[in-house]
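Student: Submitted below is the structure of interest, expressed as structure tokens.
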Amino acid sequence: MISKRKLSESDEKEEVGHVLAQFKSESGELLESPIDLPLNITTANLQLICNAFVKKSDDEATPYTFFVQDVEVTSNLAAALKNAVLDSEKVLEIIYQPQAVFQVRAVTRCTSSLPGHSEAVISVSFSPDGKQLASGSGDTTVRFWDLNTESPLFTCKGHRHWVLCTAWAPNGQTLASACKSGEIWLWDAATGTQKGKPLVGHKQWVTWLVWEPFHLNPQCRKLASSSKDGDVRIWDVVLGTCLINLAGHQQGVSCIRWGGTGLIYSASQDRTVKVWRSEDGILCRTLQGHAHWVNTLALSTDYVLRTGAFEPAEFGRTQKTLTPEEAQKKALDRYNLVQQVGPERLVSGSDDFTLFLWNPETDKKHLARMTGHQQLVNDVKFSPDSRLIASASFDKSIKIWDGRTGNFITTLRGHVQAVYQISWSADSRLLVSGSADSTLKVWNLKTKKLHLDLPGHGDEVFAVDWSPDSQRVVSGGRDKVLKIWRY
Amino acid sequence: MPQNEHIELFQKRYGFRMDYQERQRKKKAREHKLQSKMAQKLIGIKGKIFAKKRYSEKVQLKRTIKAHEEKKTRKKEDGKVPEGAMPAYLLDRENTSQAKLLSSMVKQKRKEKAGKWDVPLPKVRAQSEAEVFRVLKTGKSRRKGWKRLVTKVCFVGEGFTRKPPKYERFVRPMALRFKKAHVTHPELKATFCLPIVGVKKNPSSPMYTSLGVITKGTIIEVNVSELGLVTQGGKVVWGKYAQVTNNPENDGCINAILLV
């Protein structure tokens, strides 16, 4: 009797389907040979298998996410294949994406409000190693803040008008700041004093500052600036002179980016994006397609170029000081790693409510046109692993797109007024956004939902930044205080 | 005071006198004396009129002198930094305050209810039929006057064929038919030459709309596919309305401003 019952139990157990599957990396390489997998296999088991196949030297297992026919495998393989058509003769390809090994904890509380500026705080930025903080404001000063004690360090006076943008050199030693009268000043981060003399040349206000990538030149001598008068100038900071003036835009240039291969991309109000060679200043191509001002640009390698030789995963451990050559090599290695996901892509956001995804090094035509926003797109950022694009718009929403194809993934709603700026965490799982409704919101990209609401500012939030070591988020706005948020 | 044009006629026929330029120059140099004599002598209403004119002339002169003086001296920077610091992405945008936004929303709702639409030229001079049409006399002895010739620029669609000449009442001459308009985008301040799709509304009369007559203030539909505008669904916008801003029959071209 017992044996009969056992038999009937085993008969009642449902037939588990099997499928012949093979793991494939994002760049198209197939891993090992096809294996037979049951359909109710979970993601945890898939990760074990994948780790065994990849056979990394370090003992920590890399977390992966798996995609089958563009659908993410969340619980088990059967759920992802519910709507899919299975061809039993073909091998099912499971695309695996390595995620960041370290997990960033979301910021939850405001640890301090730093008053000090007498006018609205316009721009804030962390140094590439995440240890220093600088802010520019409408009272014409640039202030350095000490992060350990969360108090002011230096106040740098000298600008004659509002300080519109600040940019740290990739080696973390110099800060460049630009004001509304077109001057660029350089400050030494260790002492807070001015380096050299102000760089004069622009006739109207400077809209963006960007340094040359670290792996191209570890001395950090070259700086590029874009201005409302339509020029993009490349300066030598040691000599204090303007090396090249890239004049070609018919109206103001709103944003520039310096690519890893030495190309400069400039977005302008004349609806075009121009690609220049930084060595000689020759225009390579013009990317056309937008119907209104192009407001913002983002490169897939942005995060890597910003942090240079500093690896976010190593921030917890003590780092040995590297010689410039070693640092350059390390920066180059990190850059090449991100390039494996895909070639350097550029996304441009515009007042015509759309974004374009370009492959600027090779193509004149856009890869994808991303529509859906109902108001102008103000800020666009690639995630640090360059797989996702987040776009913030004045229509109070943030849209997430796929980083390689430009396909729409989801919309993040929650803000009640225009979203001004966004910033990714170093592991690409969290996104913080600052808006005109004076709140910051932290979004979780795994669940694609709002994670945390961070109210506290008294007026609009103009600038947001997440430190590269992912310990802190800083935000500044019209209420003249800087707020630091931590876990 | 010359009563007829005999002076000009003489100048046309025989040219100027040898000392004409010299005499004009000297006359002008003496003018200030005349003016001051007049200012002292004139009384009554004439004096008042003269004094008013002279005062306005003086004001203009003072203004131009001041403007010239400004160029010579450099204005010293008084070091005052204006209020309202904004990041670079907000600088070129006119940000209305919250209160103004609400009141303008309410006003817009009221206008929509009343049927008033927001166009760049809300009021235009209505064109009478006598202006737009000219009587065309036909018949053997040129007595029949039922035909009309359109004197303003018009738009006829592609594939337009005239009615049989015996029966056509409104004659639209080929010289006054236009297919393209110079359309300005109000925010970009750029002008494009775009083909016209049709005439939407002529403010003077619905009859003109049906005929396709384009005068100042007419709303026309233009083909904007070359601008590359896209709706939020991803579809390409190819037709938009524009309002005509000049008198095309005087200029020979149609200038319009796009209604965004």
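All residue names refer to the structure tokens as shown: chains lettered A, B, ... in order, residues numbered from 1 in each chain, ligands numbered from 1 in order.
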So which residues of stretch 48-235 of chain B fall under strand (DSSP E) by DSSP, listed as a PyMOL selection string?

Tutor: chain B and resi 133-138+144-150+170-171+180-185+190-201+219-223

Student: Selected residues, N, CA and C atoms, written as a compact mmCIF listing (two decimals), in the first residue's frame, please.

Tutor:
# COMPACT_ATOMS: atom_id res chain seq x y z
N PHE B 133 -11.35 92.18 -54.66
CA PHE B 133 -11.77 91.84 -56.02
C PHE B 133 -11.78 93.07 -56.90
N ARG B 134 -11.54 92.83 -58.17
CA ARG B 134 -11.66 93.91 -59.15
C ARG B 134 -12.63 93.43 -60.22
N VAL B 135 -13.48 94.31 -60.65
CA VAL B 135 -14.50 93.91 -61.62
C VAL B 135 -13.85 93.67 -62.97
N LEU B 136 -14.20 92.56 -63.55
CA LEU B 136 -13.64 92.21 -64.86
C LEU B 136 -14.78 92.30 -65.88
N LYS B 137 -14.66 93.23 -66.77
CA LYS B 137 -15.78 93.42 -67.71
C LYS B 137 -15.61 92.48 -68.89
N THR B 138 -16.68 91.75 -69.17
CA THR B 138 -16.63 90.77 -70.27
C THR B 138 -17.78 91.04 -71.23
N LYS B 144 -20.88 93.33 -69.51
CA LYS B 144 -21.21 92.39 -68.43
C LYS B 144 -20.14 92.49 -67.35
N GLY B 145 -20.57 92.66 -66.11
CA GLY B 145 -19.60 92.83 -65.02
C GLY B 145 -19.80 91.86 -63.87
N TRP B 146 -20.03 90.61 -64.18
CA TRP B 146 -20.24 89.66 -63.10
C TRP B 146 -18.96 88.92 -62.70
N LYS B 147 -17.91 89.05 -63.54
CA LYS B 147 -16.66 88.35 -63.19
C LYS B 147 -15.82 89.20 -62.26
N ARG B 148 -15.07 88.54 -61.39
CA ARG B 148 -14.21 89.27 -60.47
C ARG B 148 -12.79 88.73 -60.58
N LEU B 149 -11.81 89.66 -60.52
CA LEU B 149 -10.41 89.27 -60.54
C LEU B 149 -9.86 89.43 -59.12
N VAL B 150 -9.24 88.41 -58.62
CA VAL B 150 -8.69 88.49 -57.25
C VAL B 150 -7.38 89.26 -57.29
N PHE B 170 -14.76 83.83 -60.25
CA PHE B 170 -13.58 84.42 -59.61
C PHE B 170 -12.35 83.97 -60.36
N VAL B 171 -11.63 84.92 -60.91
CA VAL B 171 -10.42 84.62 -61.66
C VAL B 171 -9.23 84.81 -60.73
N LYS B 180 4.83 78.40 -51.62
CA LYS B 180 5.70 78.31 -50.46
C LYS B 180 5.59 79.56 -49.61
N ALA B 181 5.89 79.39 -48.33
CA ALA B 181 5.86 80.52 -47.41
C ALA B 181 7.14 80.51 -46.59
N HIS B 182 7.60 81.70 -46.21
CA HIS B 182 8.76 81.80 -45.32
C HIS B 182 8.25 81.80 -43.90
N VAL B 183 8.46 80.69 -43.21
CA VAL B 183 7.87 80.53 -41.87
C VAL B 183 8.96 80.66 -40.81
N THR B 184 8.70 81.51 -39.80
CA THR B 184 9.66 81.71 -38.72
C THR B 184 9.20 80.94 -37.49
N HIS B 185 10.16 80.23 -36.89
CA HIS B 185 9.84 79.56 -35.62
C HIS B 185 10.05 80.58 -34.52
N ALA B 190 14.53 81.05 -36.26
CA ALA B 190 15.07 80.65 -37.56
C ALA B 190 13.93 80.61 -38.55
N THR B 191 14.21 80.92 -39.80
CA THR B 191 13.16 80.99 -40.83
C THR B 191 13.39 79.89 -41.85
N PHE B 192 12.31 79.20 -42.20
CA PHE B 192 12.40 78.12 -43.18
C PHE B 192 11.42 78.42 -44.31
N CYS B 193 11.75 77.93 -45.50
CA CYS B 193 10.85 78.10 -46.65
C CYS B 193 10.08 76.79 -46.77
N LEU B 194 8.82 76.81 -46.38
CA LEU B 194 8.06 75.57 -46.31
C LEU B 194 6.89 75.59 -47.27
N PRO B 195 6.56 74.45 -47.87
CA PRO B 195 5.40 74.42 -48.78
C PRO B 195 4.09 74.55 -48.00
N ILE B 196 3.14 75.24 -48.63
CA ILE B 196 1.84 75.45 -48.00
C ILE B 196 0.95 74.25 -48.31
N VAL B 197 0.21 73.82 -47.31
CA VAL B 197 -0.70 72.70 -47.52
C VAL B 197 -2.11 73.22 -47.82
N GLY B 198 -2.48 74.30 -47.12
CA GLY B 198 -3.82 74.83 -47.37
C GLY B 198 -4.05 76.08 -46.57
N VAL B 199 -5.15 76.76 -46.88
CA VAL B 199 -5.53 77.97 -46.13
C VAL B 199 -6.59 77.54 -45.14
N LYS B 200 -6.30 77.79 -43.85
CA LYS B 200 -7.21 77.32 -42.81
C LYS B 200 -8.31 78.33 -42.55
N LYS B 201 -7.93 79.59 -42.33
CA LYS B 201 -8.95 80.60 -42.05
C LYS B 201 -8.43 81.97 -42.42
N ILE B 219 -4.59 82.33 -41.31
CA ILE B 219 -3.95 81.14 -40.74
C ILE B 219 -3.79 80.14 -41.88
N ILE B 220 -2.56 79.71 -42.12
CA ILE B 220 -2.32 78.73 -43.17
C ILE B 220 -1.70 77.49 -42.54
N GLU B 221 -1.83 76.38 -43.25
CA GLU B 221 -1.21 75.15 -42.76
C GLU B 221 0.01 74.87 -43.62
N VAL B 222 1.15 74.64 -42.96
CA VAL B 222 2.39 74.41 -43.70
C VAL B 222 2.95 73.03 -43.40
N ASN B 223 3.75 72.54 -44.33
CA ASN B 223 4.34 71.21 -44.21
C ASN B 223 5.67 71.32 -43.48

Student: With only C-alpha atoms as the counted atoms, please give the residues lying no more than 9 Å from A:Leu186, apart from itself and same-chain residues fewer than 3 positions off, as a ChimeraX atom specification.

Tutor: /A:174-178,193-199,237

Student: For a test of reading the model, state the distance in Å between atom CA of B:Lys166 and atom CA of B:Ser141, rounded to one decimal.

Tutor: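 Separation of atom CA of B:Lys166 and atom CA of B:Ser141: 15.9 Å.
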
Student: How far is it from atom CA of A:Leu450 to atom CA of A:Ile389, in Å with one decimal?

Tutor: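 Between these atoms lies a distance of 16.9 Å.
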
Student: For chain B, work out the contacting residues on chain A at 9 Å, counting only C-alpha atoms, and write them as number ranges by chain.

Tutor: A: 119-123, 137-140, 160-165, 180, 205-208, 254, 269-270, 289-293, 295-296, 352-354, 369-374, 378, 420, 462-463, 478

Student: Based on the backbone DSSP call, show me all residues of stretch 114-215 of chain B assigned alpha helix (DSSP H), as an MDAnalysis selection string.

Tutor: chainID B and resid 114 129:132 206:211

Student: Could you dump the residues just selected with N, CA, C and O atoms as a PDB file, in the first residue's frame?

Tutor:
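Output contents, as saved in result.pdb:
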ATOM      1  N   ALA B 114     -14.395  81.312 -24.218  1.00  0.00           N
ATOM      2  CA  ALA B 114     -14.991  82.368 -25.025  1.00  0.00           C
ATOM      3  C   ALA B 114     -14.711  82.189 -26.494  1.00  0.00           C
ATOM      4  O   ALA B 114     -15.277  82.877 -27.323  1.00  0.00           O
ATOM      5  N   GLU B 129     -14.612  93.720 -49.941  1.00  0.00           N
ATOM      6  CA  GLU B 129     -14.645  93.063 -51.253  1.00  0.00           C
ATOM      7  C   GLU B 129     -14.087  93.957 -52.335  1.00  0.00           C
ATOM      8  O   GLU B 129     -13.504  93.474 -53.315  1.00  0.00           O
ATOM      9  N   ALA B 130     -14.253  95.252 -52.176  1.00  0.00           N
ATOM     10  CA  ALA B 130     -13.743  96.176 -53.194  1.00  0.00           C
ATOM     11  C   ALA B 130     -12.228  96.114 -53.278  1.00  0.00           C
ATOM     12  O   ALA B 130     -11.634  96.318 -54.343  1.00  0.00           O
ATOM     13  N   GLU B 131     -11.584  95.818 -52.130  1.00  0.00           N
ATOM     14  CA  GLU B 131     -10.118  95.748 -52.124  1.00  0.00           C
ATOM     15  C   GLU B 131      -9.640  94.457 -52.739  1.00  0.00           C
ATOM     16  O   GLU B 131      -8.635  94.398 -53.428  1.00  0.00           O
ATOM     17  N   VAL B 132     -10.340  93.368 -52.391  1.00  0.00           N
ATOM     18  CA  VAL B 132      -9.836  92.056 -52.772  1.00  0.00           C
ATOM     19  C   VAL B 132     -10.191  91.736 -54.226  1.00  0.00           C
ATOM     20  O   VAL B 132      -9.424  91.108 -54.940  1.00  0.00           O
ATOM     21  N   PRO B 206     -15.309  84.107 -44.597  1.00  0.00           N
ATOM     22  CA  PRO B 206     -15.170  82.686 -44.953  1.00  0.00           C
ATOM     23  C   PRO B 206     -15.120  82.459 -46.456  1.00  0.00           C
ATOM     24  O   PRO B 206     -14.594  81.446 -46.912  1.00  0.00           O
ATOM     25  N   MET B 207     -15.622  83.422 -47.224  1.00  0.00           N
ATOM     26  CA  MET B 207     -15.561  83.263 -48.675  1.00  0.00           C
ATOM     27  C   MET B 207     -14.119  83.292 -49.139  1.00  0.00           C
ATOM     28  O   MET B 207     -13.716  82.534 -50.028  1.00  0.00           O
ATOM     29  N   TYR B 208     -13.306  84.177 -48.518  1.00  0.00           N
ATOM     30  CA  TYR B 208     -11.903  84.239 -48.886  1.00  0.00           C
ATOM     31  C   TYR B 208     -11.198  82.943 -48.531  1.00  0.00           C
ATOM     32  O   TYR B 208     -10.290  82.491 -49.232  1.00  0.00           O
ATOM     33  N   THR B 209     -11.616  82.356 -47.410  1.00  0.00           N
ATOM     34  CA  THR B 209     -11.006  81.086 -47.003  1.00  0.00           C
ATOM     35  C   THR B 209     -11.263  80.028 -48.054  1.00  0.00           C
ATOM     36  O   THR B 209     -10.348  79.294 -48.447  1.00  0.00           O
ATOM     37  N   SER B 210     -12.510  79.981 -48.543  1.00  0.00           N
ATOM     38  CA  SER B 210     -12.817  78.935 -49.516  1.00  0.00           C
ATOM     39  C   SER B 210     -12.112  79.195 -50.834  1.00  0.00           C
ATOM     40  O   SER B 210     -11.744  78.267 -51.540  1.00  0.00           O
ATOM     41  N   LEU B 211     -11.860  80.488 -51.161  1.00  0.00           N
ATOM     42  CA  LEU B 211     -11.148  80.787 -52.400  1.00  0.00           C
ATOM     43  C   LEU B 211      -9.648  80.572 -52.242  1.00  0.00           C
ATOM     44  O   LEU B 211      -8.935  80.406 -53.220  1.00  0.00           O
TER      45      LEU B 211
END

Student: Separation of atom CA of A:Arg306 and atom CA of A:Ser467, in Å?

Tutor: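 Between these atoms lies a distance of 11.2 Å.
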
Student: Please list as a CSV table (one decimal) with all heavy atoms, in the first residue's frame every residue within 7 Å of stretch 211-228 of chain A, counting only C-alpha atoms and excluding residues in the same chain fewer than 6 positions away.

Tutor:
chain,number,residue,atom,x,y,z
A,169,ALA,N,39.6,67.9,-11.7
A,169,ALA,CA,40.6,67.2,-12.6
A,169,ALA,C,40.6,65.7,-12.2
A,169,ALA,O,40.4,65.4,-11.0
A,169,ALA,CB,42.0,67.7,-12.4
A,170,PRO,N,40.8,64.8,-13.2
A,170,PRO,CA,40.7,63.3,-12.8
A,170,PRO,C,41.7,62.9,-11.8
A,170,PRO,O,41.5,61.8,-11.2
A,170,PRO,CB,41.0,62.6,-14.2
A,170,PRO,CG,40.7,63.7,-15.2
A,170,PRO,CD,41.0,65.0,-14.6
A,202,HIS,N,36.3,83.7,-23.2
A,202,HIS,CA,34.9,83.6,-23.6
A,202,HIS,C,34.2,84.9,-23.5
A,202,HIS,O,34.5,85.7,-22.5
A,202,HIS,CB,34.2,82.5,-22.7
A,202,HIS,CG,34.5,81.1,-23.2
A,202,HIS,ND1,34.1,80.6,-24.4
A,202,HIS,CD2,35.0,80.1,-22.5
A,202,HIS,CE1,34.4,79.4,-24.5
A,202,HIS,NE2,35.0,79.0,-23.3
A,204,GLN,N,30.7,85.2,-23.4
A,204,GLN,CA,29.5,85.1,-22.7
A,204,GLN,C,29.7,83.9,-21.7
A,204,GLN,O,30.8,83.3,-21.6
A,204,GLN,CB,28.3,84.8,-23.6
A,204,GLN,CG,27.8,86.0,-24.3
A,204,GLN,CD,26.6,85.8,-25.1
A,204,GLN,OE1,26.6,85.1,-26.1
A,204,GLN,NE2,25.5,86.3,-24.6
A,205,TRP,N,28.7,83.6,-20.9
A,205,TRP,CA,28.9,82.7,-19.8
A,205,TRP,C,29.3,81.3,-20.3
A,205,TRP,O,28.9,80.9,-21.4
A,205,TRP,CB,27.7,82.6,-18.9
A,205,TRP,CG,26.4,82.0,-19.5
A,205,TRP,CD1,26.1,80.7,-19.6
A,205,TRP,CD2,25.3,82.7,-20.0
A,205,TRP,NE1,24.9,80.5,-20.1
A,205,TRP,CE2,24.3,81.8,-20.4
A,205,TRP,CE3,25.0,84.1,-20.2
A,205,TRP,CZ2,23.1,82.1,-20.9
A,205,TRP,CZ3,23.7,84.4,-20.7
A,205,TRP,CH2,22.8,83.4,-21.1
A,234,ILE,N,39.8,74.9,-25.8
A,234,ILE,CA,40.7,74.0,-25.1
A,234,ILE,C,41.8,74.8,-24.5
A,234,ILE,O,42.5,75.5,-25.2
A,234,ILE,CB,41.2,72.9,-26.1
A,234,ILE,CG1,40.0,72.2,-26.8
A,234,ILE,CG2,42.0,71.9,-25.3
A,234,ILE,CD1,40.4,71.1,-27.7
A,235,TRP,N,42.0,74.7,-23.2
A,235,TRP,CA,43.0,75.5,-22.5
A,235,TRP,C,44.1,74.5,-22.0
A,235,TRP,O,43.9,73.4,-21.7
A,235,TRP,CB,42.3,76.1,-21.3
A,235,TRP,CG,41.1,76.9,-21.5
A,235,TRP,CD1,39.8,76.3,-21.5
A,235,TRP,CD2,41.0,78.3,-21.8
A,235,TRP,NE1,38.9,77.3,-21.8
A,235,TRP,CE2,39.6,78.5,-22.0
A,235,TRP,CE3,41.9,79.3,-21.9
A,235,TRP,CZ2,39.1,79.8,-22.2
A,235,TRP,CZ3,41.3,80.6,-22.1
A,235,TRP,CH2,40.0,80.8,-22.3
A,236,ASP,N,45.3,75.2,-21.9
A,236,ASP,CA,46.4,74.5,-21.2
A,236,ASP,C,46.4,75.1,-19.8
A,236,ASP,O,46.7,76.3,-19.7
A,236,ASP,CB,47.7,74.7,-21.9
A,236,ASP,CG,48.8,74.0,-21.3
A,236,ASP,OD1,48.9,73.9,-20.0
A,236,ASP,OD2,49.7,73.5,-22.0
A,237,VAL,N,46.2,74.4,-18.7
A,237,VAL,CA,46.0,75.0,-17.4
A,237,VAL,C,47.4,75.4,-16.8
A,237,VAL,O,47.5,76.3,-16.0
A,237,VAL,CB,45.3,74.1,-16.4
A,237,VAL,CG1,43.9,73.8,-17.0
A,237,VAL,CG2,46.0,72.8,-16.2
A,238,VAL,N,48.4,74.7,-17.2
A,238,VAL,CA,49.7,75.1,-16.7
A,238,VAL,C,50.2,76.4,-17.2
A,238,VAL,O,50.7,77.3,-16.5
A,238,VAL,CB,50.7,73.9,-16.9
A,238,VAL,CG1,52.1,74.3,-16.5
A,238,VAL,CG2,50.3,72.7,-16.2
A,252,GLY,N,24.6,79.2,-29.0
A,252,GLY,CA,25.4,78.8,-27.8
A,252,GLY,C,25.5,77.3,-27.7
A,252,GLY,O,24.6,76.6,-28.0
A,253,VAL,N,26.6,76.9,-27.1
A,253,VAL,CA,26.9,75.5,-26.9
A,253,VAL,C,26.4,75.2,-25.4
A,253,VAL,O,26.9,75.8,-24.5
A,253,VAL,CB,28.4,75.2,-27.0
A,253,VAL,CG1,28.7,73.7,-26.8
A,253,VAL,CG2,28.9,75.7,-28.3
A,254,SER,N,25.6,74.2,-25.3
A,254,SER,CA,25.0,73.9,-23.9
A,254,SER,C,25.8,72.9,-23.2
A,254,SER,O,25.7,72.8,-22.0
A,254,SER,CB,23.6,73.6,-24.0
A,254,SER,OG,23.4,72.6,-25.0
A,255,CYS,N,26.5,72.0,-23.9
A,255,CYS,CA,27.1,70.9,-23.2
A,255,CYS,C,28.3,70.3,-24.0
A,255,CYS,O,28.2,70.3,-25.2
A,255,CYS,CB,26.1,69.8,-22.9
A,255,CYS,SG,26.7,68.5,-21.8
A,256,ILE,N,29.4,69.9,-23.3
A,256,ILE,CA,30.4,69.2,-24.0
A,256,ILE,C,30.9,68.0,-23.3
A,256,ILE,O,30.7,67.9,-22.1
A,256,ILE,CB,31.7,70.1,-24.3
A,256,ILE,CG1,32.1,70.8,-23.0
A,256,ILE,CG2,31.6,70.9,-25.5
A,256,ILE,CD1,33.4,71.5,-23.2
A,258,TRP,N,34.2,65.0,-23.2
A,258,TRP,CA,35.5,64.6,-23.8
A,258,TRP,C,35.5,63.1,-23.8
A,258,TRP,O,35.5,62.5,-22.8
A,258,TRP,CB,36.7,65.1,-23.0
A,258,TRP,CG,38.0,65.3,-23.7
A,258,TRP,CD1,38.5,64.3,-24.6
A,258,TRP,CD2,38.9,66.4,-23.7
A,258,TRP,NE1,39.7,64.8,-25.1
A,258,TRP,CE2,39.9,66.0,-24.6
A,258,TRP,CE3,38.9,67.6,-23.0
A,258,TRP,CZ2,41.0,66.9,-24.8
A,258,TRP,CZ3,40.0,68.4,-23.3
A,258,TRP,CH2,41.0,68.1,-24.1
A,260,GLY,N,36.8,59.1,-24.6
A,260,GLY,CA,38.1,58.4,-24.3
A,260,GLY,C,39.1,58.2,-25.4
A,260,GLY,O,40.2,57.9,-25.1
A,305,LEU,N,35.5,57.8,-17.0
A,305,LEU,CA,36.4,58.9,-17.3
A,305,LEU,C,36.5,59.9,-16.1
A,305,LEU,O,37.5,60.6,-15.9
A,305,LEU,CB,35.9,59.6,-18.6
A,305,LEU,CG,36.0,58.8,-19.9
A,305,LEU,CD1,35.4,59.6,-21.0
A,305,LEU,CD2,37.5,58.5,-20.2
A,308,GLY,N,38.6,58.2,-13.3
A,308,GLY,CA,40.0,58.0,-13.7
A,308,GLY,C,40.6,56.7,-13.1
A,308,GLY,O,40.1,55.6,-13.4
A,324,PRO,N,52.3,58.0,-11.6
A,324,PRO,CA,51.4,58.4,-12.7
A,324,PRO,C,51.3,57.4,-13.8
A,324,PRO,O,50.2,57.2,-14.3
A,324,PRO,CB,52.1,59.7,-13.2
A,324,PRO,CG,52.8,60.2,-12.0
A,324,PRO,CD,53.2,59.1,-11.2
A,328,GLN,N,47.9,55.7,-14.9
A,328,GLN,CA,47.4,55.8,-16.2
A,328,GLN,C,47.0,54.5,-16.8
A,328,GLN,O,45.9,54.3,-17.4
A,328,GLN,CB,48.4,56.5,-17.1
A,328,GLN,CG,47.9,56.8,-18.5
A,328,GLN,CD,49.0,57.4,-19.3
A,328,GLN,OE1,50.2,57.4,-19.0
A,328,GLN,NE2,48.6,58.0,-20.4
A,329,LYS,N,47.8,53.5,-16.5
A,329,LYS,CA,47.5,52.1,-17.0
A,329,LYS,C,46.2,51.6,-16.4
A,329,LYS,O,45.4,51.0,-17.1
A,329,LYS,CB,48.7,51.2,-16.7
A,329,LYS,CG,48.5,49.9,-17.4
A,329,LYS,CD,49.7,49.0,-17.1
A,329,LYS,CE,49.5,47.6,-17.6
A,329,LYS,NZ,48.2,47.0,-17.1
A,331,ALA,N,43.7,53.4,-15.3
A,331,ALA,CA,42.6,54.1,-15.8
A,331,ALA,C,42.3,53.5,-17.2
A,331,ALA,O,41.1,53.3,-17.6
A,331,ALA,CB,42.9,55.6,-15.9
A,332,LEU,N,43.3,53.2,-18.0
A,332,LEU,CA,43.1,52.7,-19.3
A,332,LEU,C,42.4,51.3,-19.2
A,332,LEU,O,41.5,51.0,-20.0
A,332,LEU,CB,44.4,52.6,-20.0
A,332,LEU,CG,44.4,52.2,-21.5
A,332,LEU,CD1,43.6,53.3,-22.2
A,332,LEU,CD2,45.8,52.1,-22.1

Student: Determine, counting only C-alpha atoms, which protein, DNA and RNA residues have an atom within 9 Å of an atom of A:His117; residues of the same chain fewer than 6 positions away are not included. Present the result as number ranges by chain.

Tutor: A: 136-139, 141-143, 480-482

Student: Excluding A:Lys399 and residues on its chain fewer than 4 positions from it, collect all residues at most 8 Å away from it, counting only C-alpha atoms, and give them as a JSON list (two decimals) with N, CA, C and O atoms, in the first residue's frame.

Tutor:
[["chain", "number", "residue", "atom", "x", "y", "z"],
["A", 373, "HIS", "N", 8.82, 61.59, -23.60],
["A", 373, "HIS", "CA", 8.68, 62.66, -22.63],
["A", 373, "HIS", "C", 7.69, 63.70, -23.13],
["A", 373, "HIS", "O", 7.52, 63.89, -24.34],
["A", 390, "ALA", "N", 19.29, 57.02, -18.00],
["A", 390, "ALA", "CA", 18.19, 57.66, -17.27],
["A", 390, "ALA", "C", 18.05, 59.08, -17.80],
["A", 390, "ALA", "O", 19.06, 59.77, -17.99],
["A", 391, "SER", "N", 16.83, 59.52, -18.06],
["A", 391, "SER", "CA", 16.63, 60.88, -18.57],
["A", 391, "SER", "C", 15.63, 61.60, -17.68],
["A", 391, "SER", "O", 14.56, 61.07, -17.40],
["A", 392, "ALA", "N", 16.00, 62.79, -17.24],
["A", 392, "ALA", "CA", 15.14, 63.58, -16.35],
["A", 392, "ALA", "C", 14.54, 64.71, -17.17],
["A", 392, "ALA", "O", 15.22, 65.35, -17.96],
["A", 408, "PHE", "N", 12.85, 51.59, -24.65],
["A", 408, "PHE", "CA", 12.27, 52.12, -23.42],
["A", 408, "PHE", "C", 12.08, 50.99, -22.42],
["A", 408, "PHE", "O", 11.62, 49.91, -22.78],
["A", 409, "ILE", "N", 12.45, 51.24, -21.17],
["A", 409, "ILE", "CA", 12.26, 50.22, -20.14],
["A", 409, "ILE", "C", 11.11, 50.62, -19.22],
["A", 409, "ILE", "O", 10.12, 49.92, -19.11],
["A", 410, "THR", "N", 11.24, 51.76, -18.54],
["A", 410, "THR", "CA", 10.19, 52.12, -17.60],
["A", 410, "THR", "C", 10.23, 53.62, -17.32],
["A", 410, "THR", "O", 11.19, 54.30, -17.65],
["A", 411, "THR", "N", 9.14, 54.11, -16.71],
["A", 411, "THR", "CA", 9.09, 55.51, -16.28],
["A", 411, "THR", "C", 9.04, 55.56, -14.77],
["A", 411, "THR", "O", 8.32, 54.77, -14.14],
["A", 412, "LEU", "N", 9.79, 56.46, -14.17],
["A", 412, "LEU", "CA", 9.76, 56.60, -12.72],
["A", 412, "LEU", "C", 9.01, 57.88, -12.40],
["A", 412, "LEU", "O", 9.46, 58.97, -12.74]]
